[in-house]
Amino acid sequence: MTQRNYALLLFALLLTGSFIVSGCGEDSVEPTPAKPRLLFLHAAPITADKGVDILIGNEEVVQNKKFGEFATYVDVPSGSQDVKVVETGTTSAAFTTNLIFNEEKNYSLIAYNETDGTVGALLFRDDLSAPASGQALVRVVHLINDGPKVRVAFKGTGDPLYDSIAFKQVTEFFNPRPAGTYTLRIMDVKEQGGGSQSGGANALIEQEVTLQAGKIYTFAAIGTAASPELVVISNN
């Protein structure tokens, strides 16, 4: 084979290879985006004696959760969706709304009681980015409809975690704390103290909680001012 013919053959092979590589790239399939995920908490005292189901579109994604119970993350359809909170075993909707769920995002949905006794629902995004080494992340949501604005502190740690949280408010960020066991205190903002060793003010809720390194928690104050409760949710 002459040098000229060899060069032409090599050029043809290279050209063919480039088409093959190009064709493979065009035929590649993009990965399917992960579905949205939803965590649900039943925090509506008016339905405390009944379980509830969650329907998104016509799909039942949560079944028979009682007051104070939560369902860990489940996949849900993306986009604009009709959402119903339905009493278990019936077709009676305690609450109906339309919500938007984005792909690859995590959400919490909470059923609670408005001040007039009707059932409402809160939806908020969950940032599940991992905490720093040796740390846990915490946030608080206030769902006591007849309760005051509250301050939240770990007893004996000094400054409060959060100074003032109103009814239906969820703190906008997860607060980093060293792993360990603490006494969580939730009290009226009008009271003094809360983070001192003695504890200071009377608390609506005072409960021991254990934070594990690498975990993310939501502390939900639920119930009524006369009978408040704390639900500790592990978000990861």
# chains A, B, ... in the order shown; residues from 1 in each chain; ligands from 1
call {"tool": "select_by_dssp", "arguments": {"residues": "region 24-218 of chain A", "states": "strand (DSSP E or B)", "output": "PyMOL selection string"}}
result
chain A and resi 37-43+52-56+59-65+70-75+79-87+93-101+106-113+119-125+135-142+150-154+162-165+170+175-178+180-188+205-211+216-218
call {"tool": "write_last_selection", "arguments": {"atoms": "C-alpha atoms", "output": "JSON list (two decimals), in the first residue's frame"}}
result
[["chain", "number", "residue", "atom", "x", "y", "z"],
["A", 37, "ARG", "CA", -40.87, 13.63, 48.43],
["A", 38, "LEU", "CA", -43.41, 14.49, 51.11],
["A", 39, "LEU", "CA", -43.42, 14.06, 54.91],
["A", 40, "PHE", "CA", -46.80, 14.43, 56.66],
["A", 41, "LEU", "CA", -47.66, 15.34, 60.29],
["A", 42, "HIS", "CA", -51.18, 15.13, 61.76],
["A", 43, "ALA", "CA", -51.36, 18.08, 64.19],
["A", 52, "VAL", "CA", -56.54, 10.82, 58.32],
["A", 53, "ASP", "CA", -55.35, 9.90, 54.84],
["A", 54, "ILE", "CA", -53.60, 12.16, 52.33],
["A", 55, "LEU", "CA", -54.70, 12.06, 48.70],
["A", 56, "ILE", "CA", -52.68, 13.76, 45.98],
["A", 59, "GLU", "CA", -53.45, 8.69, 44.70],
["A", 60, "GLU", "CA", -53.50, 7.84, 48.41],
["A", 61, "VAL", "CA", -49.96, 8.55, 49.63],
["A", 62, "VAL", "CA", -50.50, 8.47, 53.43],
["A", 63, "GLN", "CA", -52.89, 6.20, 55.33],
["A", 64, "ASN", "CA", -54.53, 6.41, 58.75],
["A", 65, "LYS", "CA", -52.25, 8.76, 60.66],
["A", 70, "PHE", "CA", -46.17, 11.53, 61.17],
["A", 71, "ALA", "CA", -45.41, 9.64, 57.97],
["A", 72, "THR", "CA", -41.82, 9.71, 56.71],
["A", 73, "TYR", "CA", -41.02, 10.86, 53.18],
["A", 74, "VAL", "CA", -42.93, 9.26, 50.32],
["A", 75, "ASP", "CA", -42.66, 9.95, 46.58],
["A", 79, "GLY", "CA", -46.35, 19.79, 39.37],
["A", 80, "SER", "CA", -49.64, 21.36, 40.42],
["A", 81, "GLN", "CA", -51.64, 18.82, 42.42],
["A", 82, "ASP", "CA", -54.98, 18.71, 44.24],
["A", 83, "VAL", "CA", -54.32, 17.69, 47.86],
["A", 84, "LYS", "CA", -56.95, 16.37, 50.28],
["A", 85, "VAL", "CA", -56.83, 15.55, 53.98],
["A", 86, "VAL", "CA", -59.53, 12.89, 54.35],
["A", 87, "GLU", "CA", -60.86, 11.13, 57.45],
["A", 93, "ALA", "CA", -62.40, 15.85, 53.13],
["A", 94, "ALA", "CA", -61.34, 17.85, 56.19],
["A", 95, "PHE", "CA", -59.22, 20.06, 53.94],
["A", 96, "THR", "CA", -58.69, 20.51, 50.20],
["A", 97, "THR", "CA", -56.16, 22.70, 48.40],
["A", 98, "ASN", "CA", -53.90, 22.86, 45.36],
["A", 99, "LEU", "CA", -50.14, 22.71, 45.88],
["A", 100, "ILE", "CA", -47.08, 22.69, 43.63],
["A", 101, "PHE", "CA", -44.37, 20.05, 44.08],
["A", 106, "ASN", "CA", -38.37, 17.50, 49.79],
["A", 107, "TYR", "CA", -41.45, 18.89, 51.53],
["A", 108, "SER", "CA", -43.29, 18.72, 54.85],
["A", 109, "LEU", "CA", -47.10, 18.91, 54.94],
["A", 110, "ILE", "CA", -48.80, 19.54, 58.28],
["A", 111, "ALA", "CA", -52.53, 19.38, 59.04],
["A", 112, "TYR", "CA", -53.36, 21.74, 61.92],
["A", 113, "ASN", "CA", -56.34, 23.63, 63.42],
["A", 119, "VAL", "CA", -58.54, 22.36, 59.55],
["A", 120, "GLY", "CA", -55.71, 23.99, 57.61],
["A", 121, "ALA", "CA", -52.51, 22.74, 56.02],
["A", 122, "LEU", "CA", -48.97, 24.07, 55.90],
["A", 123, "LEU", "CA", -46.48, 23.11, 53.20],
["A", 124, "PHE", "CA", -42.80, 24.04, 53.35],
["A", 125, "ARG", "CA", -39.56, 22.97, 51.70],
["A", 135, "GLN", "CA", -23.43, 18.46, 64.69],
["A", 136, "ALA", "CA", -27.19, 18.05, 64.37],
["A", 137, "LEU", "CA", -29.62, 20.53, 62.79],
["A", 138, "VAL", "CA", -32.89, 21.59, 64.43],
["A", 139, "ARG", "CA", -35.87, 23.77, 63.57],
["A", 140, "VAL", "CA", -39.20, 24.48, 65.28],
["A", 141, "VAL", "CA", -42.80, 24.80, 64.06],
["A", 142, "HIS", "CA", -45.51, 26.34, 66.31],
["A", 150, "VAL", "CA", -42.99, 31.32, 71.98],
["A", 151, "ARG", "CA", -39.29, 31.37, 72.73],
["A", 152, "VAL", "CA", -37.36, 28.11, 72.35],
["A", 153, "ALA", "CA", -34.21, 27.18, 74.25],
["A", 154, "PHE", "CA", -32.10, 24.28, 75.40],
["A", 162, "TYR", "CA", -35.22, 31.09, 68.62],
["A", 163, "ASP", "CA", -36.47, 34.30, 70.25],
["A", 164, "SER", "CA", -40.02, 34.56, 68.91],
["A", 165, "ILE", "CA", -42.12, 32.09, 66.91],
["A", 170, "VAL", "CA", -41.78, 27.39, 60.97],
["A", 175, "ASN", "CA", -30.04, 25.66, 63.70],
["A", 176, "PRO", "CA", -26.76, 23.70, 64.13],
["A", 177, "ARG", "CA", -26.13, 22.21, 67.59],
["A", 178, "PRO", "CA", -23.53, 19.76, 68.94],
["A", 180, "GLY", "CA", -25.96, 15.31, 72.76],
["A", 181, "THR", "CA", -28.91, 15.19, 75.15],
["A", 182, "TYR", "CA", -30.71, 18.43, 76.04],
["A", 183, "THR", "CA", -33.78, 19.67, 77.87],
["A", 184, "LEU", "CA", -35.88, 21.52, 75.30],
["A", 185, "ARG", "CA", -38.02, 24.35, 76.68],
["A", 186, "ILE", "CA", -40.80, 26.12, 74.76],
["A", 187, "MET", "CA", -42.25, 29.12, 76.63],
["A", 188, "ASP", "CA", -44.27, 32.31, 76.23],
["A", 205, "ILE", "CA", -43.31, 22.31, 77.01],
["A", 206, "GLU", "CA", -40.21, 20.98, 78.75],
["A", 207, "GLN", "CA", -38.86, 17.69, 77.41],
["A", 208, "GLU", "CA", -35.55, 15.86, 77.13],
["A", 209, "VAL", "CA", -34.38, 15.32, 73.56],
["A", 210, "THR", "CA", -31.34, 13.52, 72.17],
["A", 211, "LEU", "CA", -29.61, 14.85, 69.06],
["A", 216, "ILE", "CA", -31.79, 16.78, 61.05],
["A", 217, "TYR", "CA", -34.77, 17.37, 63.35],
["A", 218, "THR", "CA", -38.06, 19.26, 63.37]]
call {"tool": "select_by_dssp", "arguments": {"residues": "region 24-174 of chain A", "states": "alpha helix (DSSP H)", "output": "list in words"}}
result
Cys24, Gly25, Glu26 and Asp27 of chain A
call {"tool": "write_last_selection", "arguments": {"atoms": "N, CA and C atoms", "output": "PDB file, in the first residue's frame"}}
result
ATOM      1  N   CYS A  24     -23.450   8.046  19.245  1.00  0.00           N
ATOM      2  CA  CYS A  24     -23.689   7.514  20.588  1.00  0.00           C
ATOM      3  C   CYS A  24     -24.114   8.622  21.532  1.00  0.00           C
ATOM      4  N   GLY A  25     -23.469   9.789  21.382  1.00  0.00           N
ATOM      5  CA  GLY A  25     -23.814  10.907  22.248  1.00  0.00           C
ATOM      6  C   GLY A  25     -25.242  11.358  22.032  1.00  0.00           C
ATOM      7  N   GLU A  26     -25.681  11.375  20.772  1.00  0.00           N
ATOM      8  CA  GLU A  26     -27.031  11.824  20.469  1.00  0.00           C
ATOM      9  C   GLU A  26     -28.073  10.849  20.985  1.00  0.00           C
ATOM     10  N   ASP A  27     -27.733   9.552  21.059  1.00  0.00           N
ATOM     11  CA  ASP A  27     -28.688   8.542  21.483  1.00  0.00           C
ATOM     12  C   ASP A  27     -28.738   8.374  23.001  1.00  0.00           C
TER      13      ASP A  27
END
call {"tool": "atom_distance", "arguments": {"atom1": "CA of Glu229 (chain A)", "atom2": "CA of Gly68 (chain A)"}}
result
8.2 Å
call {"tool": "closest_residue", "arguments": {"among": "A:Gly117, A:Gly89, A:Gly147, A:Gly158", "to": "Ala203 (chain A)", "atoms": "only C-alpha atoms"}}
result
A:Gly147
call {"tool": "atom_distance", "arguments": {"atom1": "CA of Gln212 (chain A)", "atom2": "CA of Ala179 (chain A)"}}
result
5.1 Å
call {"tool": "residues_around", "arguments": {"residues": "Lys50 (chain A)", "least_positions_apart": "3", "cutoff": "8 Å", "atoms": "only C-alpha atoms", "output": "PDB file with N, CA and C atoms, in the first residue's frame"}}
result
ATOM      1  N   THR A  47     -59.486  16.783  64.997  1.00  0.00           N
ATOM      2  CA  THR A  47     -59.665  15.432  64.450  1.00  0.00           C
ATOM      3  C   THR A  47     -58.822  14.414  65.225  1.00  0.00           C
ATOM      4  N   LYS A  66     -52.817   9.102  62.996  1.00  0.00           N
ATOM      5  CA  LYS A  66     -53.538   9.682  64.123  1.00  0.00           C
ATOM      6  C   LYS A  66     -52.872  10.989  64.556  1.00  0.00           C
ATOM      7  N   PHE A  67     -53.591  11.743  65.402  1.00  0.00           N
ATOM      8  CA  PHE A  67     -53.061  12.999  65.925  1.00  0.00           C
ATOM      9  C   PHE A  67     -51.707  12.763  66.601  1.00  0.00           C
ATOM     10  N   GLU A  87     -60.703  12.020  56.307  1.00  0.00           N
ATOM     11  CA  GLU A  87     -60.856  11.133  57.451  1.00  0.00           C
ATOM     12  C   GLU A  87     -60.788   9.684  56.975  1.00  0.00           C
ATOM     13  N   THR A  88     -59.973   8.893  57.651  1.00  0.00           N
ATOM     14  CA  THR A  88     -59.779   7.496  57.257  1.00  0.00           C
ATOM     15  C   THR A  88     -61.105   6.739  57.251  1.00  0.00           C
TER      16      THR A  88
END
call {"tool": "closest_residue", "arguments": {"among": "A:Asp49, A:Asp116, A:Asp127, A:Glu30", "to": "Phe173 (chain A)", "atoms": "only C-alpha atoms"}}
result
A:Asp127
call {"tool": "closest_residue", "arguments": {"among": "A:Ser78, A:Thr118, A:Asn202, A:Thr90", "to": "Asn145 (chain A)", "atoms": "only C-alpha atoms"}}
result
A:Thr118
